[in-house]
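J.: Take a look at coords18.cif, mmCIF, C-alpha atoms:
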data_my_file
loop_
_atom_site.label_atom_id
_atom_site.label_comp_id
_atom_site.auth_asym_id
_atom_site.auth_seq_id
_atom_site.Cartn_x
_atom_site.Cartn_y
_atom_site.Cartn_z
CA MET A 873 -93.74 208.58 -77.26
CA ILE A 874 -94.04 204.97 -78.36
CA LYS A 875 -94.87 203.71 -81.83
CA ARG A 876 -94.63 200.67 -84.07
CA SER A 877 -91.29 200.07 -85.73
CA SER A 878 -89.31 197.10 -87.00
CA LYS A 879 -86.23 195.24 -85.87
CA GLN A 880 -84.63 195.96 -89.23
CA HIS A 881 -85.08 199.70 -88.70
CA ILE A 882 -83.62 199.43 -85.18
CA ASP A 883 -80.63 197.43 -86.44
CA ASN A 884 -79.95 200.13 -89.05
CA LEU A 885 -80.29 202.87 -86.41
CA LEU A 886 -77.77 201.19 -84.11
CA ASN A 887 -75.34 200.50 -86.96
CA GLN A 888 -75.47 204.20 -87.87
CA ASN A 889 -74.61 205.18 -84.28
CA PRO A 890 -71.68 202.95 -83.24
CA ASP A 891 -70.69 205.34 -80.43
CA TRP A 892 -73.96 204.84 -78.54
CA LYS A 893 -73.89 203.09 -75.19
CA VAL A 894 -76.47 200.32 -75.66
CA LEU A 895 -78.02 198.16 -72.93
CA ASP A 896 -79.61 194.81 -73.78
CA ILE A 897 -81.63 193.57 -70.81
CA GLY A 898 -83.00 190.05 -70.27
CA CYS A 899 -81.58 188.77 -73.54
CA GLY A 900 -80.24 185.45 -72.25
CA TYR A 901 -77.75 184.06 -74.74
CA THR A 902 -78.95 186.17 -77.67
CA ALA A 903 -77.70 189.70 -76.97
CA HIS A 904 -77.85 192.24 -79.77
CA LYS A 905 -74.51 192.55 -81.57
CA ASN A 906 -74.45 196.31 -80.90
CA ALA A 907 -75.00 195.97 -77.15
CA THR A 908 -72.19 197.41 -75.04
CA VAL A 909 -73.71 196.35 -71.71
CA ILE A 910 -75.74 193.19 -71.06
CA CYS A 911 -77.95 192.67 -68.03
CA ASP A 912 -79.76 189.49 -67.02
CA ILE A 913 -81.05 187.69 -63.93
CA GLN A 914 -78.82 184.74 -64.91
CA ASP A 915 -75.08 184.98 -64.38
CA LEU A 916 -73.87 184.93 -67.97
CA SER A 917 -70.56 186.67 -67.33
CA ASN A 918 -68.55 183.72 -68.68
CA PHE A 919 -70.63 183.61 -71.87
CA TYR A 920 -70.22 187.37 -72.42
CA ASN A 921 -66.59 187.57 -71.32
CA ASP A 922 -65.83 190.02 -74.16
CA LYS A 923 -68.58 192.46 -73.06
CA ASN A 924 -69.62 194.32 -69.93
CA PHE A 925 -72.08 192.00 -68.15
CA VAL A 926 -74.15 193.06 -65.12
CA LYS A 927 -76.28 190.61 -63.14
CA LEU A 928 -79.71 191.87 -62.16
CA ASP A 929 -80.88 191.36 -58.58
CA GLY A 930 -84.26 192.84 -57.68
CA ASN A 931 -86.64 195.13 -59.56
CA ILE A 932 -84.47 198.24 -59.85
CA LEU A 933 -81.96 198.31 -62.71
CA PRO A 934 -78.41 198.81 -61.37
CA PHE A 935 -77.70 201.83 -63.56
CA LYS A 936 -77.74 205.62 -63.28
CA ASP A 937 -80.44 207.85 -64.76
CA ASN A 938 -79.95 208.24 -68.53
CA GLU A 939 -76.80 206.12 -68.42
CA PHE A 940 -77.52 204.71 -71.87
CA ASP A 941 -78.26 206.08 -75.31
CA PHE A 942 -80.46 203.11 -76.14
CA VAL A 943 -81.98 200.13 -74.32
CA ILE A 944 -83.28 196.87 -75.81
CA ALA A 945 -85.90 194.74 -74.08
CA SER A 946 -86.72 191.88 -76.44
CA HIS A 947 -89.25 189.29 -75.22
CA VAL A 948 -88.74 190.30 -71.59
CA ILE A 949 -91.73 192.32 -70.36
CA GLU A 950 -94.18 189.42 -70.67
CA HIS A 951 -92.10 187.56 -68.02
CA VAL A 952 -91.78 190.36 -65.45
CA LYS A 953 -94.00 190.25 -62.34
CA ASP A 954 -93.69 193.95 -61.50
CA VAL A 955 -94.28 195.15 -65.04
CA ASN A 956 -95.10 198.70 -63.94
CA THR A 957 -91.72 199.20 -62.24
CA PHE A 958 -89.79 197.49 -65.03
CA ILE A 959 -91.19 199.73 -67.78
CA LYS A 960 -90.52 202.86 -65.72
CA GLU A 961 -86.96 201.64 -65.12
CA LEU A 962 -86.38 201.29 -68.88
CA SER A 963 -87.27 204.94 -69.45
CA ARG A 964 -85.21 205.98 -66.41
CA VAL A 965 -81.90 204.54 -67.62
CA SER A 966 -82.26 205.61 -71.26
CA SER A 967 -83.99 208.22 -73.39
CA LYS A 968 -85.01 205.78 -76.12
CA GLY A 969 -85.18 202.10 -76.93
CA TYR A 970 -86.72 199.09 -78.60
CA ILE A 971 -89.30 196.70 -77.17
CA GLU A 972 -90.14 193.38 -78.82
CA LEU A 973 -93.07 191.29 -77.61
CA PRO A 974 -95.16 188.31 -78.68
CA THR A 975 -98.64 189.11 -79.98
CA ILE A 976 -101.56 187.48 -78.18
CA LEU A 977 -101.81 185.00 -81.06
CA GLU A 978 -98.17 183.92 -80.81
CA ASP A 979 -98.38 183.78 -77.04
CA ASN A 980 -101.28 181.33 -77.22
CA LEU A 981 -99.82 179.15 -79.95
CA VAL A 982 -96.50 178.27 -78.30
CA PHE A 983 -96.16 175.47 -75.71
CA GLU A 984 -93.33 177.11 -73.74
CA ASN A 985 -95.27 180.37 -73.32
CA LYS A 986 -98.13 178.76 -71.42
CA LYS A 987 -96.32 178.74 -68.06
CA ASP A 988 -93.52 181.24 -68.68
CA HIS A 989 -95.54 184.32 -69.63
CA ILE A 990 -97.58 186.48 -67.25
CA TRP A 991 -98.88 189.29 -69.48
CA HIS A 992 -100.55 189.84 -72.83
CA MET A 993 -99.59 192.89 -74.88
CA GLU A 994 -101.56 194.84 -77.46
CA PHE A 995 -100.63 198.14 -79.10
CA ASP A 996 -103.23 200.88 -79.43
CA ASP A 997 -102.43 202.67 -82.70
CA ILE A 998 -104.94 205.45 -81.98
CA GLU A 999 -103.64 206.43 -78.54
CA ASN A 1000 -100.09 205.16 -79.21
CA LYS A 1001 -100.07 203.20 -75.99
CA LEU A 1002 -99.09 199.70 -74.96
CA ASN A 1003 -102.04 197.91 -73.35
CA ILE A 1004 -101.00 195.26 -70.84
CA SER A 1005 -103.39 192.68 -69.40
CA GLU A 1006 -103.05 189.50 -67.40
CA LYS A 1007 -102.48 186.57 -69.73
CA ILE A 1008 -105.50 184.51 -70.77
CA GLN A 1009 -104.95 181.15 -72.44
CA TYR A 1010 -107.56 181.26 -75.20
CA LEU A 1011 -106.49 178.00 -76.80
CA GLU A 1012 -104.22 175.07 -76.10
CA PRO A 1013 -100.73 175.53 -77.57
CA VAL A 1014 -99.92 173.67 -80.79
CA ILE A 1015 -96.35 174.68 -81.76
CA THR A 1016 -92.87 174.92 -80.22
CA VAL A 1017 -90.66 178.01 -79.90
CA SER A 1018 -88.44 176.79 -82.76
CA THR A 1019 -91.48 176.37 -85.02
CA SER A 1020 -92.73 179.82 -84.03
CA LYS A 1021 -89.39 181.32 -85.09
CA LYS A 1022 -89.76 179.67 -88.49
CA PHE A 1023 -93.33 180.99 -88.79
CA SER A 1024 -92.25 184.51 -87.83
CA LYS A 1025 -90.02 184.71 -90.91
CA ILE A 1026 -93.24 184.73 -92.95
CA PHE A 1027 -95.92 185.94 -90.50
CA ARG A 1028 -93.82 188.27 -88.34
CA GLN A 1029 -96.37 191.10 -88.11
CA SER A 1030 -98.99 188.64 -86.85
CA LEU A 1031 -96.69 187.09 -84.26
CA VAL A 1032 -94.39 189.87 -83.03
CA LEU A 1033 -94.90 193.42 -81.73
CA GLU A 1034 -91.96 195.70 -82.60
CA LEU A 1035 -91.99 199.06 -80.82
CA TYR A 1036 -89.70 202.09 -80.69
CA TRP A 1037 -89.95 204.62 -77.87
CA GLU A 1038 -88.45 207.96 -76.91
CA GLU A 1039 -88.51 209.80 -73.55
CA ASN A 1040 -91.50 207.92 -72.15
CA ILE A 1041 -93.22 204.55 -72.61
CA GLU A 1042 -96.94 205.16 -72.62
CA PHE A 1043 -98.82 202.12 -71.31
CA ASN A 1044 -102.04 201.04 -69.62
CA LEU A 1045 -102.64 198.15 -67.25
CA ILE A 1046 -106.10 196.87 -68.12
CA GLN A 1047 -108.31 194.08 -66.83
CA LYS A 1048 -110.11 191.52 -68.93
CA LYS A 1049 -112.68 189.16 -67.46
CA LYS A 1050 -111.61 185.59 -68.04
CA SER A 1051 -115.23 184.54 -67.79
CA ASP A 1052 -116.01 186.49 -70.97
CA PHE A 1053 -113.94 184.13 -73.09
CA GLN A 1054 -114.41 180.48 -73.94
CA LYS A 1055 -111.25 178.46 -74.33
CA ILE A 1056 -110.73 176.75 -77.69
CA SER A 1057 -109.41 173.21 -77.32
CA ARG A 1058 -107.10 171.40 -79.72
CA LEU A 1059 -109.82 168.77 -80.14
CA THR A 1060 -112.29 171.44 -81.30
CA LEU A 1061 -109.80 172.78 -83.81
CA PHE A 1062 -109.04 169.28 -85.09
CA ARG A 1063 -112.74 168.45 -85.46
CA LYS A 1064 -113.35 171.63 -87.45
CA PHE A 1065 -110.36 170.91 -89.66
CA LEU A 1066 -111.46 167.29 -90.23
CA SER A 1067 -115.04 168.34 -90.97
CA LYS A 1068 -113.90 170.91 -93.52
CA HIS A 1069 -111.49 168.45 -95.09
CA LEU A 1070 -114.20 165.79 -95.46
CA ARG A 1071 -116.62 168.28 -97.02
CA ASN A 1072 -114.01 169.22 -99.58
CA ILE A 1073 -113.44 165.57 -100.44
CA LEU A 1074 -117.18 164.96 -100.86
CA ARG A 1075 -117.55 168.01 -103.12
CA LYS A 1076 -114.78 166.74 -105.39
CA ASN A 1077 -116.51 163.37 -105.67
#
Starting from the file, give its structure as structure tokens.

T.:
Amino acid sequence: MIKRSSKQHIDNLLNQNPDWKVLDIGCGYTAHKNATVICDIQDLSNFYNDKNFVKLDGNILPFKDNEFDFVIASHVIEHVKDVNTFIKELSRVSSKGYIELPTILEDNLVFENKKDHIWHMEFDDIENKLNISEKIQYLEPVITVSTSKKFSKIFRQSLVLELYWEENIEFNLIQKKKSDFQKISRLTLFRKFLSKHLRNILRKN
């Protein structure tokens, strides 16, 4: 089962269960405060010297089946080459968890995402499944990561997917034809903005 949730709800859930063994994977320098074990491809053992840090080498998570009560994968899956194995590994090491992902809109807006991200994610609210497709750059990026974080304080539901799962992470790998979509350039967007702005000025006069 996988469904929409919110980070606030997850934070409350973890605060209410302080005895849980919680894994935060691929978090970089921003591990969840309730995480008891942190796993990353970078060696961050010195940064997390007060926590149990495990370096990840390869596709298989270095943990036993159901070793954790909860696993967090925040802004990780869109980077992973073998996404099929990674998602199955999440549900192997824990019975439940939280997944946070950029929406397709946010992924296209941010400069840093253009080269760093491999996959696009959409959530099917009818089938309750995560649909994963190869990333398509629909438009040229216009904002930075820091600006996106400021935007997400207001437009979070438009920019971030927040998902809670139990037992199994239902997902589909789907294909979209890149030829079916026409890329929107920054110049096109600017021209449309300028044209609209000039029309408004002329109407006022």

J.: Just want the 10 Å neighbourhood of Lys905 in chain A, counted on all atoms listed in the file, with same-chain residues fewer than 6 positions away dropped. Output as a list in words.

T.: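 Contacts, with the query itself left out: Asp883, Leu886, Asn887, Val894 and Asp896 of chain A.
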
J.: On this structure, which residues satisfy the PyMOL selection byres ((chain A and resi 911-926) around 12), written as a PyMOL selection string?

T.: chain A and resi 893-910+927-935+943-946+948+951-952

J.: Rank A:Ser1030, A:Asn1003, A:Asn884, A:Thr1016 by their smallest atom-to-atom distance to Glu950 in chain A, using all atoms listed in the file, and report the top residue only.

T.: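 Smallest distance to Glu950 in chain A is found for A:Asn1003.
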
J.: Please write the residues picked by the PyMOL selection byres ((chain A and resi 979-987) around 10) on this file as a PyMOL selection string.

T.: chain A and resi 950-951+973-978+988-993+1007-1020+1031-1032

J.: List the residues matched by the PyMOL selection byres ((chain A and resi 1005) around 6) in the displayed structure as an mmCIF file with C-alpha atoms, in the coordinates of the input, ordered by chain and then by residue number.

T.:
data_model
loop_
_atom_site.group_PDB
_atom_site.id
_atom_site.type_symbol
_atom_site.label_atom_id
_atom_site.label_comp_id
_atom_site.auth_asym_id
_atom_site.auth_seq_id
_atom_site.Cartn_x
_atom_site.Cartn_y
_atom_site.Cartn_z
ATOM 1 C CA TRP A 991 -98.880 189.290 -69.480
ATOM 2 C CA HIS A 992 -100.550 189.840 -72.830
ATOM 3 C CA ILE A 1004 -101.000 195.260 -70.840
ATOM 4 C CA GLU A 1006 -103.050 189.500 -67.400
ATOM 5 C CA LEU A 1045 -102.640 198.150 -67.250
ATOM 6 C CA ILE A 1046 -106.100 196.870 -68.120
ATOM 7 C CA GLN A 1047 -108.310 194.080 -66.830
#

J.: From the list A:Leu1033, A:Phe1023, A:His947, A:Tyr970, which residue is nearest His881 in chain A when using only C-alpha atoms?

T.: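 Looking only at the distances to His881 in chain A, the closest residue turns out to be A:Tyr970.
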
J.: Between CA of Lys936 in chain A and CA of Gln888 in chain A, what distance in Å does the model show, to one decimal?

T.: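 That distance, rounded to one decimal, is 24.7 Å.
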
J.: Calculate how many Å separate CA of Gln1029 in chain A from CA of Gly969 in chain A, rounding to one decimal.

T.: 19.3 Å
